[in-house]
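A.B. asks: Here you go, this is start_15.cif (mmCIF, C-alpha atoms).
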```cif
data_run
loop_
_atom_site.group_PDB
_atom_site.id
_atom_site.type_symbol
_atom_site.label_atom_id
_atom_site.label_comp_id
_atom_site.auth_asym_id
_atom_site.auth_seq_id
_atom_site.Cartn_x
_atom_site.Cartn_y
_atom_site.Cartn_z
ATOM 1 C CA MET A 1119 13.416 -39.242 44.826
ATOM 2 C CA SER A 1120 9.933 -38.158 45.574
ATOM 3 C CA GLN A 1121 7.131 -40.680 46.278
ATOM 4 C CA PRO A 1122 3.994 -40.709 44.090
ATOM 5 C CA THR A 1123 1.092 -39.001 45.685
ATOM 6 C CA GLN A 1124 -2.549 -39.958 45.702
ATOM 7 C CA SER A 1125 -3.379 -37.095 43.385
ATOM 8 C CA GLN A 1126 -1.041 -38.496 40.724
ATOM 9 C CA PHE A 1127 -2.699 -41.922 40.428
ATOM 10 C CA GLY A 1128 -6.209 -40.912 41.361
ATOM 11 C CA ALA A 1129 -8.326 -41.825 44.361
ATOM 12 C CA PRO A 1130 -8.891 -45.492 45.282
ATOM 13 C CA TYR A 1131 -11.981 -47.224 43.751
ATOM 14 C CA PRO A 1132 -14.879 -46.006 45.814
ATOM 15 C CA GLY A 1133 -16.586 -49.427 45.891
ATOM 16 C CA GLY A 1134 -16.018 -52.280 48.317
ATOM 17 C CA PRO A 1135 -12.869 -53.155 50.188
ATOM 18 C CA ASP A 1136 -9.597 -53.278 48.245
ATOM 19 C CA GLY A 1137 -11.200 -51.261 45.482
ATOM 20 C CA PHE A 1138 -13.439 -54.074 44.006
ATOM 21 C CA PRO A 1139 -17.050 -53.233 42.989
ATOM 22 C CA PRO A 1140 -19.808 -54.336 45.480
ATOM 23 C CA GLN A 1141 -21.650 -57.563 44.679
ATOM 24 C CA ALA A 1142 -25.343 -57.297 43.512
ATOM 25 C CA GLN A 1143 -28.084 -58.554 45.837
ATOM 26 C CA PRO A 1144 -29.655 -61.909 44.723
ATOM 27 C CA ARG A 1145 -33.058 -61.552 43.039
ATOM 28 C CA ASN A 1146 -34.921 -64.340 44.844
ATOM 29 C CA GLY A 1147 -38.377 -62.711 45.006
ATOM 30 C CA LEU A 1148 -40.099 -64.399 42.076
ATOM 31 C CA GLY A 1149 -38.822 -67.864 42.967
ATOM 32 C CA THR A 1150 -40.136 -67.460 46.522
ATOM 33 C CA ALA A 1151 -43.449 -66.077 45.267
ATOM 34 C CA GLY A 1152 -43.772 -69.078 42.955
ATOM 35 C CA LEU A 1153 -43.360 -71.457 45.888
ATOM 36 C CA VAL A 1154 -45.956 -69.634 48.011
ATOM 37 C CA LEU A 1155 -48.476 -69.421 45.180
ATOM 38 C CA GLY A 1156 -47.878 -73.065 44.288
ATOM 39 C CA ILE A 1157 -48.687 -74.205 47.832
ATOM 40 C CA ILE A 1158 -51.818 -72.033 48.073
ATOM 41 C CA GLY A 1159 -52.948 -72.958 44.566
ATOM 42 C CA LEU A 1160 -52.606 -76.696 45.211
ATOM 43 C CA VAL A 1161 -54.678 -76.417 48.384
ATOM 44 C CA VAL A 1162 -57.381 -74.286 46.766
ATOM 45 C CA ALA A 1163 -57.536 -76.425 43.598
ATOM 46 C CA VAL A 1164 -58.949 -79.418 45.472
ATOM 47 C CA ILE A 1165 -61.935 -77.388 46.749
ATOM 48 C CA PRO A 1166 -64.903 -78.161 44.432
ATOM 49 C CA LEU A 1167 -66.210 -74.626 43.938
ATOM 50 C CA LEU A 1168 -62.788 -72.933 43.966
ATOM 51 C CA PHE A 1169 -60.901 -75.204 41.556
ATOM 52 C CA TRP A 1170 -60.760 -72.393 38.972
ATOM 53 C CA LEU A 1171 -58.986 -70.107 41.451
ATOM 54 C CA GLY A 1172 -56.490 -72.859 42.310
ATOM 55 C CA GLY A 1173 -55.758 -73.269 38.599
ATOM 56 C CA ILE A 1174 -55.073 -69.529 38.220
ATOM 57 C CA LEU A 1175 -52.769 -69.481 41.241
ATOM 58 C CA GLY A 1176 -51.008 -72.572 39.912
ATOM 59 C CA LEU A 1177 -50.438 -70.859 36.554
ATOM 60 C CA LEU A 1178 -48.921 -67.826 38.285
ATOM 61 C CA ALA A 1179 -46.736 -70.098 40.423
ATOM 62 C CA LEU A 1180 -45.523 -71.901 37.295
ATOM 63 C CA ILE A 1181 -44.624 -68.626 35.597
ATOM 64 C CA PHE A 1182 -42.885 -67.166 38.629
ATOM 65 C CA GLY A 1183 -41.001 -70.427 39.251
ATOM 66 C CA LEU A 1184 -39.718 -70.567 35.676
ATOM 67 C CA VAL A 1185 -38.580 -66.947 35.852
ATOM 68 C CA GLY A 1186 -36.848 -67.700 39.173
ATOM 69 C CA LEU A 1187 -35.062 -70.692 37.626
ATOM 70 C CA GLY A 1188 -33.893 -68.474 34.785
ATOM 71 C CA ARG A 1189 -32.462 -65.987 37.223
ATOM 72 C CA ALA A 1190 -30.740 -68.731 39.177
ATOM 73 C CA LYS A 1191 -29.203 -70.060 35.943
ATOM 74 C CA ARG A 1192 -27.829 -66.581 35.195
ATOM 75 C CA ALA A 1193 -26.478 -66.305 38.774
ATOM 76 C CA GLN A 1194 -28.951 -63.521 39.535
ATOM 77 C CA ALA A 1195 -30.664 -65.576 42.232
ATOM 78 C CA THR A 1196 -29.563 -68.084 44.834
ATOM 79 C CA ASN A 1197 -32.827 -69.964 45.502
ATOM 80 C CA LYS A 1198 -32.867 -72.387 42.611
ATOM 81 C CA GLY A 1199 -34.406 -75.143 44.744
ATOM 82 C CA ILE A 1200 -37.244 -72.927 45.931
ATOM 83 C CA ALA A 1201 -37.964 -71.751 42.380
ATOM 84 C CA LEU A 1202 -37.961 -75.370 41.175
ATOM 85 C CA ALA A 1203 -40.353 -76.366 43.953
ATOM 86 C CA GLY A 1204 -42.670 -73.467 43.040
ATOM 87 C CA THR A 1205 -42.638 -74.558 39.378
ATOM 88 C CA ILE A 1206 -43.524 -78.157 40.275
ATOM 89 C CA LEU A 1207 -46.261 -77.113 42.726
ATOM 90 C CA GLY A 1208 -47.688 -74.712 40.141
ATOM 91 C CA GLY A 1209 -47.959 -77.518 37.589
ATOM 92 C CA LEU A 1210 -49.590 -79.776 40.169
ATOM 93 C CA ALA A 1211 -52.077 -77.031 41.109
ATOM 94 C CA ILE A 1212 -53.067 -76.615 37.455
ATOM 95 C CA ALA A 1213 -53.547 -80.378 37.034
ATOM 96 C CA ALA A 1214 -55.535 -80.603 40.277
ATOM 97 C CA GLY A 1215 -57.747 -77.675 39.229
ATOM 98 C CA ILE A 1216 -58.530 -79.299 35.886
ATOM 99 C CA ALA A 1217 -59.273 -82.654 37.510
ATOM 100 C CA MET A 1218 -61.510 -81.084 40.157
ATOM 101 C CA GLY A 1219 -63.294 -79.084 37.454
ATOM 102 C CA VAL A 1220 -64.110 -82.268 35.553
ATOM 103 C CA VAL A 1221 -65.319 -83.960 38.740
ATOM 104 C CA THR A 1222 -67.492 -80.949 39.607
ATOM 105 C CA VAL A 1223 -69.088 -80.825 36.143
ATOM 106 C CA LEU A 1224 -69.846 -84.553 36.241
ATOM 107 C CA ALA A 1225 -71.328 -84.215 39.730
ATOM 108 C CA VAL A 1226 -73.534 -81.319 38.644
ATOM 109 C CA ASP A 1227 -74.730 -83.248 35.570
ATOM 110 C CA LYS A 1228 -75.581 -86.235 37.711
ATOM 111 C CA ALA A 1229 -77.477 -84.050 40.170
ATOM 112 C CA VAL A 1230 -79.433 -82.426 37.316
ATOM 113 C CA ASP A 1231 -80.292 -85.860 35.905
ATOM 114 C CA GLU A 1232 -81.559 -86.982 39.293
ATOM 115 C CA ILE A 1233 -83.707 -83.857 39.597
ATOM 116 C CA ASN A 1234 -85.131 -84.390 36.102
ATOM 117 C CA LYS A 1235 -85.917 -88.010 36.903
ATOM 118 C CA SER A 1236 -87.695 -86.948 40.085
ATOM 119 C CA VAL A 1237 -89.736 -84.331 38.212
ATOM 120 C CA GLU A 1238 -90.661 -86.833 35.483
ATOM 121 C CA SER A 1239 -91.638 -89.387 38.114
ATOM 122 C CA VAL A 1240 -93.922 -86.885 39.844
ATOM 123 C CA ALA A 1241 -95.444 -85.846 36.502
ATOM 124 C CA THR A 1242 -96.064 -89.481 35.596
ATOM 125 C CA GLU A 1243 -97.806 -90.148 38.885
ATOM 126 C CA GLU A 1244 -99.968 -87.051 38.451
ATOM 127 C CA ALA A 1245 -100.871 -88.127 34.925
ATOM 128 C CA LYS A 1246 -101.900 -91.561 36.189
ATOM 129 C CA ASN A 1247 -104.114 -90.002 38.850
ATOM 130 C CA GLN A 1248 -105.859 -87.659 36.401
ATOM 131 C CA GLU A 1249 -109.072 -88.874 34.860
ATOM 132 C CA PRO A 1250 -109.137 -88.986 31.039
ATOM 133 C CA ALA A 1251 -110.547 -85.862 29.444
ATOM 134 C CA ASP A 1252 -110.001 -86.323 25.716
ATOM 135 C CA THR A 1253 -113.291 -88.103 24.913
ATOM 136 C CA ALA A 1254 -116.858 -88.224 26.085
ATOM 137 C CA THR A 1255 -116.376 -91.567 27.846
ATOM 138 C CA ASP A 1256 -116.811 -90.400 31.457
ATOM 139 C CA ALA A 1257 -120.539 -89.770 31.413
ATOM 140 C CA ALA A 1258 -121.199 -92.577 28.934
ATOM 141 C CA ALA A 1259 -119.268 -95.136 30.969
ATOM 142 C CA ASP A 1260 -121.282 -94.288 34.070
ATOM 143 C CA ASN A 1261 -124.462 -95.050 32.132
ATOM 144 C CA GLY A 1262 -123.095 -98.243 30.623
ATOM 145 C CA GLU A 1263 -122.970 -96.727 27.119
ATOM 146 C CA GLU A 1264 -120.293 -97.215 24.499
ATOM 147 C CA PRO A 1265 -117.569 -94.527 24.451
ATOM 148 C CA ILE A 1266 -117.941 -91.818 21.801
ATOM 149 C CA ALA A 1267 -114.860 -91.634 19.567
ATOM 150 C CA GLU A 1268 -113.385 -88.285 18.634
ATOM 151 C CA GLY A 1269 -114.806 -86.950 15.371
ATOM 152 C CA GLU A 1270 -117.847 -89.245 15.480
ATOM 153 C CA ILE A 1271 -121.239 -87.711 14.690
ATOM 154 C CA LEU A 1272 -123.308 -87.629 17.868
ATOM 155 C CA ALA A 1273 -127.010 -87.957 18.527
ATOM 156 C CA GLY A 1274 -129.266 -85.593 20.390
ATOM 157 C CA GLY A 1275 -128.465 -85.530 24.108
ATOM 158 C CA ASP A 1276 -124.916 -86.837 23.616
ATOM 159 C CA SER A 1277 -121.903 -84.943 24.963
ATOM 160 C CA VAL A 1278 -118.334 -84.472 23.786
ATOM 161 C CA ILE A 1279 -115.528 -83.822 26.271
ATOM 162 C CA TYR A 1280 -112.376 -82.062 25.088
ATOM 163 C CA ASP A 1281 -108.842 -82.379 26.427
ATOM 164 C CA ASP A 1282 -109.284 -79.366 28.724
ATOM 165 C CA LYS A 1283 -112.433 -80.986 30.218
ATOM 166 C CA LEU A 1284 -114.794 -78.695 28.359
ATOM 167 C CA THR A 1285 -118.096 -80.524 27.790
ATOM 168 C CA VAL A 1286 -120.528 -79.629 24.996
ATOM 169 C CA THR A 1287 -124.020 -81.143 24.867
ATOM 170 C CA VAL A 1288 -126.710 -80.624 22.214
ATOM 171 C CA SER A 1289 -130.300 -81.568 23.004
ATOM 172 C CA GLU A 1290 -132.937 -83.220 20.828
ATOM 173 C CA PRO A 1291 -134.708 -80.731 18.506
ATOM 174 C CA LYS A 1292 -138.098 -79.258 19.310
ATOM 175 C CA ALA A 1293 -140.540 -77.420 17.103
ATOM 176 C CA TYR A 1294 -140.245 -73.668 17.415
ATOM 177 C CA THR A 1295 -142.614 -70.885 16.489
ATOM 178 C CA PRO A 1296 -140.704 -67.760 15.449
ATOM 179 C CA SER A 1297 -142.073 -64.380 16.431
ATOM 180 C CA GLU A 1298 -143.699 -62.041 13.957
ATOM 181 C CA PHE A 1299 -140.519 -60.028 13.488
ATOM 182 C CA ALA A 1300 -138.082 -62.961 13.420
ATOM 183 C CA ILE A 1301 -135.096 -62.877 11.098
ATOM 184 C CA GLY A 1302 -133.953 -66.018 9.281
ATOM 185 C CA HIS A 1303 -137.324 -67.760 8.958
ATOM 186 C CA THR A 1304 -138.776 -68.425 5.514
ATOM 187 C CA LYS A 1305 -142.496 -68.910 5.050
ATOM 188 C CA GLY A 1306 -143.294 -72.564 4.351
ATOM 189 C CA ASN A 1307 -140.248 -73.854 6.275
ATOM 190 C CA LYS A 1308 -140.326 -75.331 9.740
ATOM 191 C CA ALA A 1309 -138.360 -73.958 12.673
ATOM 192 C CA TYR A 1310 -136.635 -76.111 15.278
ATOM 193 C CA GLN A 1311 -134.894 -75.171 18.488
ATOM 194 C CA VAL A 1312 -131.970 -76.965 20.120
ATOM 195 C CA THR A 1313 -130.332 -76.337 23.466
ATOM 196 C CA VAL A 1314 -126.527 -76.182 23.641
ATOM 197 C CA VAL A 1315 -124.929 -76.606 27.057
ATOM 198 C CA ILE A 1316 -121.239 -75.896 27.658
ATOM 199 C CA GLU A 1317 -119.802 -77.000 30.999
ATOM 200 C CA ASN A 1318 -116.280 -76.101 32.104
ATOM 201 C CA ALA A 1319 -114.862 -78.882 34.291
ATOM 202 C CA GLY A 1320 -111.270 -77.697 33.839
ATOM 203 C CA LYS A 1321 -109.092 -75.471 35.967
ATOM 204 C CA GLU A 1322 -108.985 -72.416 33.699
ATOM 205 C CA LYS A 1323 -111.791 -70.088 32.695
ATOM 206 C CA PHE A 1324 -113.171 -70.571 29.177
ATOM 207 C CA ASP A 1325 -113.871 -67.667 26.842
ATOM 208 C CA SER A 1326 -117.120 -68.526 25.051
ATOM 209 C CA THR A 1327 -117.099 -65.484 22.772
ATOM 210 C CA LEU A 1328 -115.928 -67.525 19.763
ATOM 211 C CA VAL A 1329 -118.474 -70.352 20.157
ATOM 212 C CA THR A 1330 -120.471 -70.889 16.950
ATOM 213 C CA ALA A 1331 -123.400 -73.135 16.090
ATOM 214 C CA ASP A 1332 -124.432 -73.892 12.486
ATOM 215 C CA ALA A 1333 -126.881 -76.339 11.007
ATOM 216 C CA ARG A 1334 -127.752 -78.144 7.754
ATOM 217 C CA ALA A 1335 -131.027 -79.892 7.034
ATOM 218 C CA GLY A 1336 -132.099 -82.990 5.113
ATOM 219 C CA GLU A 1337 -130.160 -85.483 3.030
ATOM 220 C CA ASP A 1338 -128.954 -82.757 0.672
ATOM 221 C CA GLY A 1339 -127.421 -80.861 3.559
ATOM 222 C CA VAL A 1340 -128.921 -77.504 2.675
ATOM 223 C CA GLU A 1341 -128.077 -74.668 5.004
ATOM 224 C CA ALA A 1342 -130.523 -74.290 7.862
ATOM 225 C CA GLU A 1343 -130.480 -70.575 8.528
ATOM 226 C CA GLN A 1344 -130.265 -69.470 12.136
ATOM 227 C CA ILE A 1345 -133.291 -67.616 13.430
ATOM 228 C CA PHE A 1346 -133.045 -64.402 15.416
ATOM 229 C CA ASP A 1347 -135.902 -62.949 17.414
ATOM 230 C CA ASP A 1348 -136.645 -61.805 20.936
ATOM 231 C CA LYS A 1349 -136.218 -65.340 22.334
ATOM 232 C CA VAL A 1350 -133.338 -66.963 20.445
ATOM 233 C CA GLY A 1351 -130.191 -65.966 18.593
ATOM 234 C CA SER A 1352 -128.194 -64.268 21.340
ATOM 235 C CA GLY A 1353 -125.465 -66.989 21.403
ATOM 236 C CA PHE A 1354 -122.687 -67.455 23.926
ATOM 237 C CA ASP A 1355 -120.797 -64.519 25.421
ATOM 238 C CA GLY A 1356 -118.251 -63.940 28.187
ATOM 239 C CA ASN A 1357 -116.187 -66.357 30.280
ATOM 240 C CA ILE A 1358 -117.314 -69.635 31.799
ATOM 241 C CA ALA A 1359 -115.616 -70.111 35.157
ATOM 242 C CA PRO A 1360 -114.268 -73.522 36.252
ATOM 243 C CA GLY A 1361 -117.075 -75.695 37.566
ATOM 244 C CA LYS A 1362 -119.780 -73.610 35.840
ATOM 245 C CA LYS A 1363 -121.940 -74.185 32.774
ATOM 246 C CA VAL A 1364 -123.909 -72.001 30.389
ATOM 247 C CA THR A 1365 -127.019 -72.919 28.389
ATOM 248 C CA VAL A 1366 -128.022 -71.210 25.130
ATOM 249 C CA THR A 1367 -131.000 -71.973 22.860
ATOM 250 C CA TYR A 1368 -130.603 -71.788 19.076
ATOM 251 C CA ALA A 1369 -133.345 -71.971 16.454
ATOM 252 C CA PHE A 1370 -132.818 -73.067 12.846
ATOM 253 C CA ASP A 1371 -135.034 -72.822 9.764
ATOM 254 C CA ALA A 1372 -135.346 -76.122 7.814
ATOM 255 C CA PRO A 1373 -137.291 -77.190 4.727
ATOM 256 C CA ALA A 1374 -140.660 -78.715 5.613
ATOM 257 C CA ALA A 1375 -139.684 -82.087 4.099
ATOM 258 C CA ALA A 1376 -136.360 -82.378 5.963
ATOM 259 C CA LYS A 1377 -136.085 -85.400 8.238
ATOM 260 C CA THR A 1378 -132.752 -84.609 9.873
ATOM 261 C CA LEU A 1379 -130.944 -81.568 11.221
ATOM 262 C CA THR A 1380 -127.134 -81.682 11.496
ATOM 263 C CA VAL A 1381 -125.928 -79.195 14.098
ATOM 264 C CA GLU A 1382 -122.215 -78.349 14.255
ATOM 265 C CA VAL A 1383 -120.820 -76.628 17.352
ATOM 266 C CA SER A 1384 -117.332 -75.148 17.374
ATOM 267 C CA PRO A 1385 -116.147 -74.029 20.849
ATOM 268 C CA GLY A 1386 -113.320 -71.940 19.399
ATOM 269 C CA ILE A 1387 -109.996 -71.920 17.605
ATOM 270 C CA SER A 1388 -108.329 -74.369 19.985
ATOM 271 C CA HIS A 1389 -111.169 -76.925 19.849
ATOM 272 C CA ASP A 1390 -112.336 -79.081 16.948
ATOM 273 C CA ALA A 1391 -115.915 -78.689 15.803
ATOM 274 C CA THR A 1392 -118.331 -81.534 16.616
ATOM 275 C CA GLN A 1393 -121.525 -82.512 14.789
ATOM 276 C CA TRP A 1394 -124.834 -83.837 16.110
ATOM 277 C CA GLU A 1395 -127.246 -85.677 13.796
ATOM 278 C CA LEU A 1396 -130.757 -84.865 15.051
ATOM 279 C CA LYS A 1397 -133.938 -86.528 13.856
ATOM 280 C CA LEU A 1398 -136.816 -84.184 13.121
#
```
Give the structure from this file in structure tokens form.
C.D. replies:
Amino acid sequence: MSQPTQSQFGAPYPGGPDGFPPQAQPRNGLGTAGLVLGIIGLVVAVIPLLFWLGGILGLLALIFGLVGLGRAKRAQATNKGIALAGTILGGLAIAAGIAMGVVTVLAVDKAVDEINKSVESVATEEAKNQEPADTATDAAADNGEEPIAEGEILAGGDSVIYDDKLTVTVSEPKAYTPSEFAIGHTKGNKAYQVTVVIENAGKEKFDSTLVTADARAGEDGVEAEQIFDDKVGSGFDGNIAPGKKVTVTYAFDAPAAAKTLTVEVSPGISHDATQWELKL
């Protein structure tokens, strides 16, 4: 009887020994990566300015660790303990990153509050050291006079001081003789001149272009027309530098019987107008 040959039953299984298929290599990479990232993430998460990076690394470690545990459960990996450690460290890194983030935000807020308090303290001290500039009390106090309240009608020679330390002074009226070609003078009326002085005691230059001066005469408050000739009527113009003052003479035409002349000076849009009650 003949023996069966190899060609009759086919060649032996070409795999491992005894014809069994070779065993697959364990897929331990993600579990190991999870452990490494978990360690690094936990260390980085406790650094104040890098807590966000530690949180990201912790999240990656958590994901890789969970995937590694899944592989170990399916017998595709043999490092279940390492994958578990990476998962735990990843969770701890995330928690540490969040905690350090909260601590950092609170520390920054506290530092900002301290800076604001310091700035406010300095501003308060500067305000205390500044001399008041919202009324005309400085010059009056030096002369022993009563302070002039804002909005009060002033007398000739009085001054008003605005918040920006701009001082306006109107003098007592004087009789004025208009020239032959004067504009604004009516025959039979009397002309009076007043001197307006604007002094800039502030730190910024003052644009005097918008300064206006108007007047009304007598108890009825009729308009006292401004006179223009070769001597008066030019008005203010240009900038007044800090520490400088400018003087301008105005002339107004009033009825002959008028006993008072009310002069109103408006330094500009950002300043309230002030009135002077002048006796003629």
A.B. asks: With distances taken over all atoms listed in the file, which residue among A:Leu1167, A:Val1381, A:Leu1180, A:Ile1301 lies nearest A:Val1288?
C.D. replies: A:Val1381
A.B. asks: Between atom CA of A:Gly1152 and atom CA of A:Gly1219, what is the distance, to one decimal in Å?
C.D. replies: 22.6 Å
A.B. asks: Which residue out of A:Ile1358, A:Leu1202, A:Ala1190, A:Ala1195 has the minimum interatomic distance to A:Val1154 when only C-alpha atoms are used?
C.D. replies: A:Leu1202
A.B. asks: Mind checking which residues fall within 9 Å of stretch 1204-1218 of chain A, counting only C-alpha atoms, ignoring those fewer than 3 positions away in the same chain, and posting them as a PDB file with C-alpha atoms, in the frame of the given file?
C.D. replies:
```
ATOM      1  CA  GLY A1149     -38.822 -67.864  42.967  1.00  0.00           C
ATOM      2  CA  THR A1150     -40.136 -67.460  46.522  1.00  0.00           C
ATOM      3  CA  ALA A1151     -43.449 -66.077  45.267  1.00  0.00           C
ATOM      4  CA  GLY A1152     -43.772 -69.078  42.955  1.00  0.00           C
ATOM      5  CA  LEU A1153     -43.360 -71.457  45.888  1.00  0.00           C
ATOM      6  CA  VAL A1154     -45.956 -69.634  48.011  1.00  0.00           C
ATOM      7  CA  LEU A1155     -48.476 -69.421  45.180  1.00  0.00           C
ATOM      8  CA  GLY A1156     -47.878 -73.065  44.288  1.00  0.00           C
ATOM      9  CA  ILE A1157     -48.687 -74.205  47.832  1.00  0.00           C
ATOM     10  CA  ILE A1158     -51.818 -72.033  48.073  1.00  0.00           C
ATOM     11  CA  GLY A1159     -52.948 -72.958  44.566  1.00  0.00           C
ATOM     12  CA  LEU A1160     -52.606 -76.696  45.211  1.00  0.00           C
ATOM     13  CA  VAL A1161     -54.678 -76.417  48.384  1.00  0.00           C
ATOM     14  CA  VAL A1162     -57.381 -74.286  46.766  1.00  0.00           C
ATOM     15  CA  ALA A1163     -57.536 -76.425  43.598  1.00  0.00           C
ATOM     16  CA  VAL A1164     -58.949 -79.418  45.472  1.00  0.00           C
ATOM     17  CA  ILE A1165     -61.935 -77.388  46.749  1.00  0.00           C
ATOM     18  CA  PRO A1166     -64.903 -78.161  44.432  1.00  0.00           C
ATOM     19  CA  LEU A1167     -66.210 -74.626  43.938  1.00  0.00           C
ATOM     20  CA  LEU A1168     -62.788 -72.933  43.966  1.00  0.00           C
ATOM     21  CA  PHE A1169     -60.901 -75.204  41.556  1.00  0.00           C
ATOM     22  CA  TRP A1170     -60.760 -72.393  38.972  1.00  0.00           C
ATOM     23  CA  LEU A1171     -58.986 -70.107  41.451  1.00  0.00           C
ATOM     24  CA  GLY A1172     -56.490 -72.859  42.310  1.00  0.00           C
ATOM     25  CA  GLY A1173     -55.758 -73.269  38.599  1.00  0.00           C
ATOM     26  CA  ILE A1174     -55.073 -69.529  38.220  1.00  0.00           C
ATOM     27  CA  LEU A1175     -52.769 -69.481  41.241  1.00  0.00           C
ATOM     28  CA  GLY A1176     -51.008 -72.572  39.912  1.00  0.00           C
ATOM     29  CA  LEU A1177     -50.438 -70.859  36.554  1.00  0.00           C
ATOM     30  CA  LEU A1178     -48.921 -67.826  38.285  1.00  0.00           C
ATOM     31  CA  ALA A1179     -46.736 -70.098  40.423  1.00  0.00           C
ATOM     32  CA  LEU A1180     -45.523 -71.901  37.295  1.00  0.00           C
ATOM     33  CA  ILE A1181     -44.624 -68.626  35.597  1.00  0.00           C
ATOM     34  CA  PHE A1182     -42.885 -67.166  38.629  1.00  0.00           C
ATOM     35  CA  GLY A1183     -41.001 -70.427  39.251  1.00  0.00           C
ATOM     36  CA  LEU A1184     -39.718 -70.567  35.676  1.00  0.00           C
ATOM     37  CA  GLY A1186     -36.848 -67.700  39.173  1.00  0.00           C
ATOM     38  CA  LEU A1187     -35.062 -70.692  37.626  1.00  0.00           C
ATOM     39  CA  GLY A1199     -34.406 -75.143  44.744  1.00  0.00           C
ATOM     40  CA  ILE A1200     -37.244 -72.927  45.931  1.00  0.00           C
ATOM     41  CA  ALA A1201     -37.964 -71.751  42.380  1.00  0.00           C
ATOM     42  CA  VAL A1221     -65.319 -83.960  38.740  1.00  0.00           C
ATOM     43  CA  THR A1222     -67.492 -80.949  39.607  1.00  0.00           C
ATOM     44  CA  VAL A1223     -69.088 -80.825  36.143  1.00  0.00           C
TER      45      VAL A1223
END
```
A.B. asks: Given only C-alpha atoms as the basis, pick out the residue of A:Asn1357, A:Gly1386, A:Glu1341, A:Asn1307 nearest to A:Tyr1280.
C.D. replies: A:Gly1386
